[in-house]
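Asks: Below is the structure I would like to discuss, written out as structure tokens.
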Amino acid sequence: MAEWLKRGAEAGAAETADRKVRETVEAILADIAARGDDAVRELSVRFDKWDREDYRLTDAEIADCIGQLTARDLDDIRFAQAQVRNFAEKQRACITDLEVETLPGVILGHKNIPLGSVGCYVPGGKYPLLASAHMSVITAKVAGVGRIVTCAPPFHGKPAPAIVAAQHLAGADEIYCLGGIQAVGAMALGTPGIAAVDMLVGPGNAFVAEAKRQLFGRVGIDLFAGPTETLVIADESVDAEMCATDLLGQAEHGPDSPAILLTTSARLARETMAEIERLLAILPTAGIARQAWASFGEVIVCADDAEMVREADRIASEHVQVMTRDPDYFLANMKNYGALFLGPRTNVAYGDKVIGTNHTLPTKKAARYTGGLWVGKFLKTCTYQKVMTDEASAMVGEYCSRLCALEGFTGHGEQANVRVRRYGGRNIPYGGAAE
């Protein structure tokens with residue numbers, strides 16, 4: 001039986017916070033739908049203290065941002081983007097069109113069609129998270145999306161140079177300095193200044209995630225990508241410093257970011273809790289990480305690896321760092337996770353920033369039913385059919401006629417019957433069914 005040495009926030013408190021977020025987002029999206037650019041501008045001033053006539057960056061502004069970075073900065077961005085592009089291209093190569101003759105004269109197939117337009121949100125209010133530009137823009141480009149729009153909030157009162165450079169180098173077609181609900185709302189609903197997109201992608205805070213949820217249906221979304229979650233699975237093959245560092249490394253994302261340790265060692269659990277307190281005294285981002293750890297941190301001690309797998313699948317965390325004697329056991333047996341980081345030599349930061357896998361991942365237990373953002377999210381797999389012979393049409397039509405009669409769908413049945421009459425020479429009365 002798993003034992004909790006530390007628990008996170010109570011479910012009731014979390015539900016109250018979620019309800020307030022839902023209500024706030026609903027009101028703001030209604031305002032954007034009603035007033036368009038005027039509402040977007042007022043919201044940008046209200047939330048980001050950022051006011052412009054046009055939030056789209058000009059070529060000169062983009063060049064100025066790029067010019068503020070060093071040659072090494074730009075080389076590092078290009079290196080990370082090359083890794084993301086390479087992995088996305090390998091993924092795209094796995095996705096193939098299909099055409100097969102399933103019955104004599106019956107051809108079925110599917111095509112993988114890129115989306116027409118995508119809006120990519122790049123969070124950057126607290127930190128300039130340029131990596132999110134790689135993950136969304138490059139992956140969409142590899143998929144073949146026709147128009148790629150990016151939005152990122154101002155950072156310290158102006159466009160963040162590193163984010164703008166990453167958006168441009170990744171291949172964004174339109175770059176806007178606009179954040180929060182107003183950004184995703186404008187991209188999804190469309191305004192006179194920002195043409196609507198077909199799909200929204202990219203991570204964000206709880207308000208951005210909720211806005212995407214409410215906009216789903218009007219546009220597509222990639223997945224729920226709210227506050228960052230991390231789960232560290234460890235045994236005594238690693239030490240407390242490694243566990244504490246990996247927990248706090250993700251807790252610094254925000255005060256509502258869950259960080260959970262799952263271990264078979266009570267000693268490691270207690271040492272990790274002590275090490276977290278030591279690191280919080282020296283971590284520059286401790287102001288945020290301490291809040292996250294206090295409110296959403298958990299420490300769970302399990303009997304064995306099998307119980308850790310069960311608990312991990314229940315938690316269904318966005319990031320899962322596995323540091324055990326046999327990390328491949330978890331790769332073979334875990335089912336619910338956004339991404340696995342196997343062994344102490346890798347870590348979540350590698351995935352977040354540079355190694356090449358996509359860091360836009362499911363949160364709030366969405367890993368039970370979806371994976372993360374990948375090139376396939378930007379493709380529609382659309383089916384088609386061709387019936388090549390009279391004999392095939394008549395044969396399928398007879399089955400279809402009788403099945404429609406079972407359902408009472410006379411009009412559907414006549415679609416089959418007219419072809420049985422024409423191509424099979426059968427005399428079926430109107431509204432009847434094939435014998």
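By convention in this document, the chains of the structure tokens carry letters A, B, ... by their order, each chain's residues are numbered from 1, and ligands are numbered from 1 in the order they are shown.
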Considering only C-alpha atoms, return as a ChimeraX atom specification whatever protein or nucleic-acid residues lie within 8 Å of stretch 35-44 of chain A, sequence-local ones (same chain, fewer than 4 positions apart) excluded.
Replies: /A:31,48-52,178-179,182-183,186,190-193
Asks: Near A:Leu108, counting only C-alpha atoms, which residues have an atom at most 9 Å away, once you skip same-chain residues fewer than 3 positions from it, shown as a list in words?
Replies: Leu98, Glu99, Val100, Glu101, Thr102, Thr383, Tyr384, Gln385, Lys386 and Val387 of chain A
Asks: What residues in stretch 45-237 of chain A get the DSSP label strand (DSSP E)? Please answer as JSON, numbers by chain.
Replies: {"A": [98, 99, 100, 101, 102, 103, 106, 107, 108, 109, 110, 111, 112, 113, 114, 117, 118, 119, 120, 121, 147, 148, 149, 150, 151, 152, 174, 175, 176, 177, 199, 200, 201, 220, 221, 230, 231, 232, 233, 234]}
Asks: Just write the chosen residues, N, CA, C and O atoms, as a short mmCIF file (atom, residue, chain, number, x, y, z; two decimals), in the first residue's frame.
Replies:
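Contents of part17.cif, freshly written:
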data_model
loop_
_atom_site.label_atom_id
_atom_site.label_comp_id
_atom_site.auth_asym_id
_atom_site.auth_seq_id
_atom_site.Cartn_x
_atom_site.Cartn_y
_atom_site.Cartn_z
N LEU A 98 -2.61 5.63 -47.81
CA LEU A 98 -3.00 4.23 -47.99
C LEU A 98 -4.01 4.10 -49.11
O LEU A 98 -4.93 4.92 -49.21
N GLU A 99 -3.84 3.10 -49.95
CA GLU A 99 -4.88 2.72 -50.91
C GLU A 99 -4.83 1.21 -51.07
O GLU A 99 -3.77 0.65 -51.32
N VAL A 100 -5.99 0.56 -50.89
CA VAL A 100 -6.02 -0.90 -50.91
C VAL A 100 -7.32 -1.39 -51.54
O VAL A 100 -8.39 -0.77 -51.36
N GLU A 101 -7.26 -2.47 -52.29
CA GLU A 101 -8.46 -3.09 -52.85
C GLU A 101 -8.96 -4.11 -51.82
O GLU A 101 -8.39 -5.19 -51.66
N THR A 102 -10.03 -3.77 -51.12
CA THR A 102 -10.52 -4.61 -50.02
C THR A 102 -11.44 -5.72 -50.50
O THR A 102 -11.57 -6.75 -49.83
N LEU A 103 -12.12 -5.51 -51.60
CA LEU A 103 -12.95 -6.50 -52.28
C LEU A 103 -12.69 -6.32 -53.77
O LEU A 103 -12.25 -5.23 -54.19
N VAL A 106 -13.39 -2.83 -55.28
CA VAL A 106 -13.64 -1.84 -54.23
C VAL A 106 -12.30 -1.32 -53.72
O VAL A 106 -11.50 -2.08 -53.17
N ILE A 107 -12.08 -0.03 -53.90
CA ILE A 107 -10.82 0.62 -53.49
C ILE A 107 -11.11 1.54 -52.31
O ILE A 107 -11.96 2.44 -52.40
N LEU A 108 -10.41 1.34 -51.21
CA LEU A 108 -10.49 2.23 -50.05
C LEU A 108 -9.11 2.83 -49.80
O LEU A 108 -8.09 2.20 -50.07
N GLY A 109 -9.11 4.04 -49.26
CA GLY A 109 -7.82 4.66 -48.97
C GLY A 109 -7.95 5.81 -48.01
O GLY A 109 -9.05 6.20 -47.60
N HIS A 110 -6.81 6.32 -47.61
CA HIS A 110 -6.79 7.57 -46.86
C HIS A 110 -5.60 8.42 -47.29
O HIS A 110 -4.59 7.92 -47.76
N LYS A 111 -5.79 9.73 -47.13
CA LYS A 111 -4.74 10.70 -47.39
C LYS A 111 -4.49 11.49 -46.11
O LYS A 111 -5.42 11.74 -45.34
N ASN A 112 -3.25 11.88 -45.90
CA ASN A 112 -2.88 12.72 -44.77
C ASN A 112 -2.69 14.14 -45.27
O ASN A 112 -1.73 14.45 -45.96
N ILE A 113 -3.65 15.01 -44.91
CA ILE A 113 -3.72 16.35 -45.46
C ILE A 113 -3.32 17.37 -44.40
O ILE A 113 -3.91 17.40 -43.31
N PRO A 114 -2.33 18.23 -44.65
CA PRO A 114 -1.95 19.24 -43.66
C PRO A 114 -3.08 20.24 -43.41
O PRO A 114 -3.88 20.54 -44.30
N SER A 117 -4.20 26.34 -41.52
CA SER A 117 -3.59 27.39 -40.70
C SER A 117 -3.57 26.96 -39.24
O SER A 117 -4.47 26.26 -38.77
N VAL A 118 -2.55 27.41 -38.54
CA VAL A 118 -2.37 27.05 -37.13
C VAL A 118 -1.92 28.29 -36.37
O VAL A 118 -1.10 29.08 -36.85
N GLY A 119 -2.47 28.45 -35.16
CA GLY A 119 -2.01 29.49 -34.25
C GLY A 119 -1.19 28.86 -33.14
O GLY A 119 -1.67 27.98 -32.43
N CYS A 120 0.05 29.30 -33.00
CA CYS A 120 0.98 28.74 -32.02
C CYS A 120 1.16 29.73 -30.87
O CYS A 120 1.65 30.86 -31.09
N TYR A 121 0.79 29.32 -29.67
CA TYR A 121 1.00 30.18 -28.51
C TYR A 121 2.34 29.84 -27.87
O TYR A 121 2.65 28.67 -27.63
N ARG A 147 -0.26 28.17 -43.25
CA ARG A 147 -0.08 29.48 -42.60
C ARG A 147 0.12 29.24 -41.11
O ARG A 147 -0.71 28.61 -40.46
N ILE A 148 1.22 29.76 -40.60
CA ILE A 148 1.55 29.56 -39.18
C ILE A 148 1.67 30.93 -38.51
O ILE A 148 2.51 31.75 -38.87
N VAL A 149 0.80 31.15 -37.53
CA VAL A 149 0.75 32.39 -36.76
C VAL A 149 1.30 32.12 -35.37
O VAL A 149 1.00 31.08 -34.78
N THR A 150 2.10 33.04 -34.84
CA THR A 150 2.59 32.88 -33.48
C THR A 150 2.22 34.09 -32.64
O THR A 150 2.20 35.22 -33.12
N CYS A 151 1.93 33.82 -31.37
CA CYS A 151 1.69 34.87 -30.38
C CYS A 151 2.52 34.58 -29.15
O CYS A 151 2.52 33.45 -28.65
N ALA A 152 3.20 35.59 -28.64
CA ALA A 152 3.92 35.50 -27.37
C ALA A 152 3.76 36.82 -26.65
O ALA A 152 3.77 37.89 -27.29
N GLU A 174 3.46 34.82 -39.48
CA GLU A 174 3.02 36.06 -38.82
C GLU A 174 3.41 35.97 -37.35
O GLU A 174 3.14 34.95 -36.70
N ILE A 175 4.05 37.01 -36.84
CA ILE A 175 4.51 37.03 -35.45
C ILE A 175 3.84 38.20 -34.73
O ILE A 175 4.00 39.36 -35.13
N TYR A 176 3.12 37.88 -33.67
CA TYR A 176 2.42 38.89 -32.88
C TYR A 176 2.99 38.92 -31.47
O TYR A 176 3.29 37.87 -30.89
N CYS A 177 3.12 40.12 -30.93
CA CYS A 177 3.50 40.26 -29.52
C CYS A 177 2.22 40.47 -28.72
O CYS A 177 1.76 41.60 -28.51
N MET A 199 -6.57 25.83 -36.02
CA MET A 199 -6.18 25.04 -34.86
C MET A 199 -5.28 25.87 -33.95
O MET A 199 -4.49 26.70 -34.44
N LEU A 200 -5.41 25.67 -32.65
CA LEU A 200 -4.54 26.29 -31.66
C LEU A 200 -3.62 25.24 -31.05
O LEU A 200 -4.08 24.15 -30.68
N VAL A 201 -2.34 25.59 -30.91
CA VAL A 201 -1.41 24.67 -30.26
C VAL A 201 -0.49 25.47 -29.33
O VAL A 201 -0.37 26.68 -29.46
N GLY A 220 -9.73 23.52 -33.78
CA GLY A 220 -9.11 22.37 -33.16
C GLY A 220 -8.09 22.82 -32.12
O GLY A 220 -7.64 23.97 -32.13
N ILE A 221 -7.75 21.93 -31.22
CA ILE A 221 -6.65 22.20 -30.30
C ILE A 221 -5.75 20.97 -30.28
O ILE A 221 -6.16 19.87 -30.65
N THR A 230 5.42 17.43 -13.03
CA THR A 230 6.55 16.50 -13.10
C THR A 230 6.41 15.42 -12.05
O THR A 230 5.95 15.66 -10.94
N LEU A 231 6.80 14.21 -12.44
CA LEU A 231 6.80 13.06 -11.56
C LEU A 231 8.18 12.43 -11.63
O LEU A 231 8.66 12.09 -12.72
N VAL A 232 8.82 12.31 -10.50
CA VAL A 232 10.13 11.64 -10.43
C VAL A 232 9.91 10.27 -9.80
O VAL A 232 9.38 10.16 -8.69
N ILE A 233 10.30 9.22 -10.53
CA ILE A 233 10.24 7.85 -10.03
C ILE A 233 11.68 7.42 -9.73
O ILE A 233 12.52 7.42 -10.64
N ALA A 234 11.96 7.07 -8.50
CA ALA A 234 13.35 6.81 -8.12
C ALA A 234 13.46 5.70 -7.09
O ALA A 234 12.53 5.46 -6.31
#
Asks: Check the DSSP output for the backbone and give back, as a PDB file with N, CA, C and O atoms, in the first residue's frame, the residues of stretch 161-234 of chain A in alpha helix (DSSP H).
Replies:
ATOM      1  N   PRO A 161      13.436  39.277 -27.319  1.00  0.00           N
ATOM      2  CA  PRO A 161      14.278  39.034 -28.509  1.00  0.00           C
ATOM      3  C   PRO A 161      14.493  37.560 -28.809  1.00  0.00           C
ATOM      4  O   PRO A 161      14.435  37.144 -29.975  1.00  0.00           O
ATOM      5  N   ALA A 162      14.723  36.746 -27.782  1.00  0.00           N
ATOM      6  CA  ALA A 162      14.996  35.328 -28.030  1.00  0.00           C
ATOM      7  C   ALA A 162      13.766  34.615 -28.589  1.00  0.00           C
ATOM      8  O   ALA A 162      13.881  33.774 -29.488  1.00  0.00           O
ATOM      9  N   ILE A 163      12.587  34.939 -28.072  1.00  0.00           N
ATOM     10  CA  ILE A 163      11.365  34.323 -28.586  1.00  0.00           C
ATOM     11  C   ILE A 163      11.121  34.735 -30.026  1.00  0.00           C
ATOM     12  O   ILE A 163      10.806  33.909 -30.889  1.00  0.00           O
ATOM     13  N   VAL A 164      11.283  36.022 -30.313  1.00  0.00           N
ATOM     14  CA  VAL A 164      11.054  36.503 -31.674  1.00  0.00           C
ATOM     15  C   VAL A 164      12.024  35.837 -32.645  1.00  0.00           C
ATOM     16  O   VAL A 164      11.639  35.393 -33.738  1.00  0.00           O
ATOM     17  N   ALA A 165      13.295  35.735 -32.240  1.00  0.00           N
ATOM     18  CA  ALA A 165      14.281  35.082 -33.097  1.00  0.00           C
ATOM     19  C   ALA A 165      13.900  33.626 -33.345  1.00  0.00           C
ATOM     20  O   ALA A 165      13.981  33.131 -34.488  1.00  0.00           O
ATOM     21  N   ALA A 166      13.478  32.938 -32.288  1.00  0.00           N
ATOM     22  CA  ALA A 166      13.095  31.530 -32.433  1.00  0.00           C
ATOM     23  C   ALA A 166      11.884  31.385 -33.338  1.00  0.00           C
ATOM     24  O   ALA A 166      11.826  30.482 -34.198  1.00  0.00           O
ATOM     25  N   GLN A 167      10.889  32.254 -33.192  1.00  0.00           N
ATOM     26  CA  GLN A 167       9.703  32.200 -34.045  1.00  0.00           C
ATOM     27  C   GLN A 167      10.094  32.405 -35.513  1.00  0.00           C
ATOM     28  O   GLN A 167       9.628  31.688 -36.404  1.00  0.00           O
ATOM     29  N   HIS A 168      10.939  33.401 -35.751  1.00  0.00           N
ATOM     30  CA  HIS A 168      11.345  33.710 -37.130  1.00  0.00           C
ATOM     31  C   HIS A 168      12.186  32.592 -37.732  1.00  0.00           C
ATOM     32  O   HIS A 168      11.924  32.149 -38.859  1.00  0.00           O
ATOM     33  N   LEU A 169      13.192  32.131 -36.985  1.00  0.00           N
ATOM     34  CA  LEU A 169      14.066  31.086 -37.515  1.00  0.00           C
ATOM     35  C   LEU A 169      13.311  29.773 -37.728  1.00  0.00           C
ATOM     36  O   LEU A 169      13.664  28.971 -38.598  1.00  0.00           O
ATOM     37  N   ALA A 170      12.269  29.548 -36.924  1.00  0.00           N
ATOM     38  CA  ALA A 170      11.461  28.335 -37.089  1.00  0.00           C
ATOM     39  C   ALA A 170      10.590  28.396 -38.334  1.00  0.00           C
ATOM     40  O   ALA A 170      10.150  27.358 -38.835  1.00  0.00           O
ATOM     41  N   GLY A 180      -1.629  35.645 -23.390  1.00  0.00           N
ATOM     42  CA  GLY A 180      -2.762  35.247 -22.596  1.00  0.00           C
ATOM     43  C   GLY A 180      -4.019  34.888 -23.371  1.00  0.00           C
ATOM     44  O   GLY A 180      -3.990  34.503 -24.540  1.00  0.00           O
ATOM     45  N   ILE A 181      -5.156  35.025 -22.665  1.00  0.00           N
ATOM     46  CA  ILE A 181      -6.452  34.686 -23.245  1.00  0.00           C
ATOM     47  C   ILE A 181      -6.717  35.511 -24.492  1.00  0.00           C
ATOM     48  O   ILE A 181      -7.282  35.021 -25.481  1.00  0.00           O
ATOM     49  N   GLN A 182      -6.282  36.770 -24.473  1.00  0.00           N
ATOM     50  CA  GLN A 182      -6.533  37.632 -25.618  1.00  0.00           C
ATOM     51  C   GLN A 182      -5.813  37.139 -26.874  1.00  0.00           C
ATOM     52  O   GLN A 182      -6.313  37.307 -27.999  1.00  0.00           O
ATOM     53  N   ALA A 183      -4.668  36.504 -26.699  1.00  0.00           N
ATOM     54  CA  ALA A 183      -3.927  35.987 -27.855  1.00  0.00           C
ATOM     55  C   ALA A 183      -4.634  34.778 -28.460  1.00  0.00           C
ATOM     56  O   ALA A 183      -4.907  34.741 -29.673  1.00  0.00           O
ATOM     57  N   VAL A 184      -4.925  33.773 -27.634  1.00  0.00           N
ATOM     58  CA  VAL A 184      -5.565  32.576 -28.189  1.00  0.00           C
ATOM     59  C   VAL A 184      -6.986  32.880 -28.641  1.00  0.00           C
ATOM     60  O   VAL A 184      -7.468  32.314 -29.636  1.00  0.00           O
ATOM     61  N   GLY A 185      -7.659  33.801 -27.944  1.00  0.00           N
ATOM     62  CA  GLY A 185      -8.999  34.187 -28.372  1.00  0.00           C
ATOM     63  C   GLY A 185      -8.994  34.867 -29.725  1.00  0.00           C
ATOM     64  O   GLY A 185      -9.826  34.575 -30.589  1.00  0.00           O
ATOM     65  N   ALA A 186      -8.041  35.776 -29.938  1.00  0.00           N
ATOM     66  CA  ALA A 186      -7.959  36.475 -31.217  1.00  0.00           C
ATOM     67  C   ALA A 186      -7.621  35.518 -32.351  1.00  0.00           C
ATOM     68  O   ALA A 186      -8.200  35.595 -33.442  1.00  0.00           O
ATOM     69  N   MET A 187      -6.690  34.590 -32.108  1.00  0.00           N
ATOM     70  CA  MET A 187      -6.318  33.653 -33.165  1.00  0.00           C
ATOM     71  C   MET A 187      -7.471  32.717 -33.516  1.00  0.00           C
ATOM     72  O   MET A 187      -7.670  32.358 -34.673  1.00  0.00           O
ATOM     73  N   ALA A 188      -8.221  32.307 -32.517  1.00  0.00           N
ATOM     74  CA  ALA A 188      -9.303  31.346 -32.764  1.00  0.00           C
ATOM     75  C   ALA A 188     -10.544  32.012 -33.340  1.00  0.00           C
ATOM     76  O   ALA A 188     -11.169  31.487 -34.272  1.00  0.00           O
ATOM     77  N   LEU A 189     -10.932  33.159 -32.774  1.00  0.00           N
ATOM     78  CA  LEU A 189     -12.176  33.810 -33.171  1.00  0.00           C
ATOM     79  C   LEU A 189     -11.979  34.699 -34.389  1.00  0.00           C
ATOM     80  O   LEU A 189     -12.919  34.916 -35.158  1.00  0.00           O
ATOM     81  N   ALA A 206      -2.932  28.252 -16.664  1.00  0.00           N
ATOM     82  CA  ALA A 206      -4.277  27.697 -16.504  1.00  0.00           C
ATOM     83  C   ALA A 206      -5.308  28.462 -17.326  1.00  0.00           C
ATOM     84  O   ALA A 206      -6.276  27.875 -17.827  1.00  0.00           O
ATOM     85  N   PHE A 207      -5.122  29.774 -17.490  1.00  0.00           N
ATOM     86  CA  PHE A 207      -6.081  30.580 -18.242  1.00  0.00           C
ATOM     87  C   PHE A 207      -5.994  30.276 -19.742  1.00  0.00           C
ATOM     88  O   PHE A 207      -7.015  30.190 -20.428  1.00  0.00           O
ATOM     89  N   VAL A 208      -4.783  30.113 -20.245  1.00  0.00           N
ATOM     90  CA  VAL A 208      -4.616  29.759 -21.654  1.00  0.00           C
ATOM     91  C   VAL A 208      -5.188  28.379 -21.930  1.00  0.00           C
ATOM     92  O   VAL A 208      -5.881  28.156 -22.930  1.00  0.00           O
ATOM     93  N   ALA A 209      -4.897  27.431 -21.042  1.00  0.00           N
ATOM     94  CA  ALA A 209      -5.417  26.078 -21.223  1.00  0.00           C
ATOM     95  C   ALA A 209      -6.940  26.062 -21.215  1.00  0.00           C
ATOM     96  O   ALA A 209      -7.580  25.383 -22.029  1.00  0.00           O
ATOM     97  N   GLU A 210      -7.541  26.823 -20.313  1.00  0.00           N
ATOM     98  CA  GLU A 210      -8.998  26.871 -20.241  1.00  0.00           C
ATOM     99  C   GLU A 210      -9.580  27.570 -21.468  1.00  0.00           C
ATOM    100  O   GLU A 210     -10.635  27.165 -21.984  1.00  0.00           O
ATOM    101  N   ALA A 211      -8.898  28.606 -21.954  1.00  0.00           N
ATOM    102  CA  ALA A 211      -9.372  29.271 -23.169  1.00  0.00           C
ATOM    103  C   ALA A 211      -9.379  28.300 -24.342  1.00  0.00           C
ATOM    104  O   ALA A 211     -10.334  28.264 -25.132  1.00  0.00           O
ATOM    105  N   LYS A 212      -8.333  27.501 -24.464  1.00  0.00           N
ATOM    106  CA  LYS A 212      -8.295  26.510 -25.538  1.00  0.00           C
ATOM    107  C   LYS A 212      -9.430  25.499 -25.380  1.00  0.00           C
ATOM    108  O   LYS A 212     -10.067  25.106 -26.363  1.00  0.00           O
ATOM    109  N   ARG A 213      -9.700  25.091 -24.144  1.00  0.00           N
ATOM    110  CA  ARG A 213     -10.784  24.127 -23.917  1.00  0.00           C
ATOM    111  C   ARG A 213     -12.116  24.708 -24.361  1.00  0.00           C
ATOM    112  O   ARG A 213     -12.919  24.039 -25.022  1.00  0.00           O
ATOM    113  N   GLN A 214     -12.373  25.968 -24.007  1.00  0.00           N
ATOM    114  CA  GLN A 214     -13.645  26.581 -24.365  1.00  0.00           C
ATOM    115  C   GLN A 214     -13.761  26.869 -25.864  1.00  0.00           C
ATOM    116  O   GLN A 214     -14.862  26.913 -26.407  1.00  0.00           O
ATOM    117  N   LEU A 215     -12.634  27.045 -26.521  1.00  0.00           N
ATOM    118  CA  LEU A 215     -12.636  27.343 -27.953  1.00  0.00           C
ATOM    119  C   LEU A 215     -12.678  26.084 -28.815  1.00  0.00           C
ATOM    120  O   LEU A 215     -12.903  26.165 -30.023  1.00  0.00           O
TER     121      LEU A 215
END
Asks: Hey, which of A:Glu398, A:Glu318, A:Glu3, A:Glu407 ends up closest to A:Arg368? Count only C-alpha atoms.
Replies: A:Glu318
Asks: Between atom CA of A:Gln291 and atom CA of A:Lys126, what is the distance in Å, rounded to a tenth?
Replies: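 For atom CA of A:Gln291 relative to atom CA of A:Lys126, the distance reads 15.1 Å.
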Asks: Hey, can you check how far atom CA of A:Asp313 sits from atom CA of A:Cys243?
Replies: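 Separation of atom CA of A:Asp313 and atom CA of A:Cys243: 19.6 Å.
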Asks: Kindly indicate which residue among A:Lys353, A:Lys377, A:Lys6, A:Arg92 lies nearest to A:Asp76, using only C-alpha atoms for the distances.
Replies: A:Lys353
Asks: Which is closest to A:Arg7 among A:Phe341, A:Phe296, A:Trp374, A:Tyr399, if we use only C-alpha atoms?
Replies: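 Answer, going by the shortest atom-to-atom distance: A:Phe296.
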Asks: When you count only C-alpha atoms, which of these residues is closest to A:Arg314: A:Glu236, A:Thr346, A:Thr285, A:Lys365?
Replies: A:Lys365
Asks: Taking 4 positions as the minimum chain separation for residues in the same chain, which residues sit within 9 Å of A:Pro104 when counting only C-alpha atoms? Answer as JSON, numbers by chain.
Replies: {"A": [388, 389, 391, 392]}
Asks: What is the distance, in Å and to one decimal place, between atom CA of A:Gly146 and atom CA of A:Pro203?
Replies: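 Atom CA of A:Gly146 sits 21.3 Å away from atom CA of A:Pro203.
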Asks: Measuring between only C-alpha atoms, which one of A:Ala433, A:Ala312, A:Cys94, A:Ala82 shows the shortest distance to A:Gly408?
Replies: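 The shortest atom-to-atom distance to A:Gly408 comes from A:Ala433.
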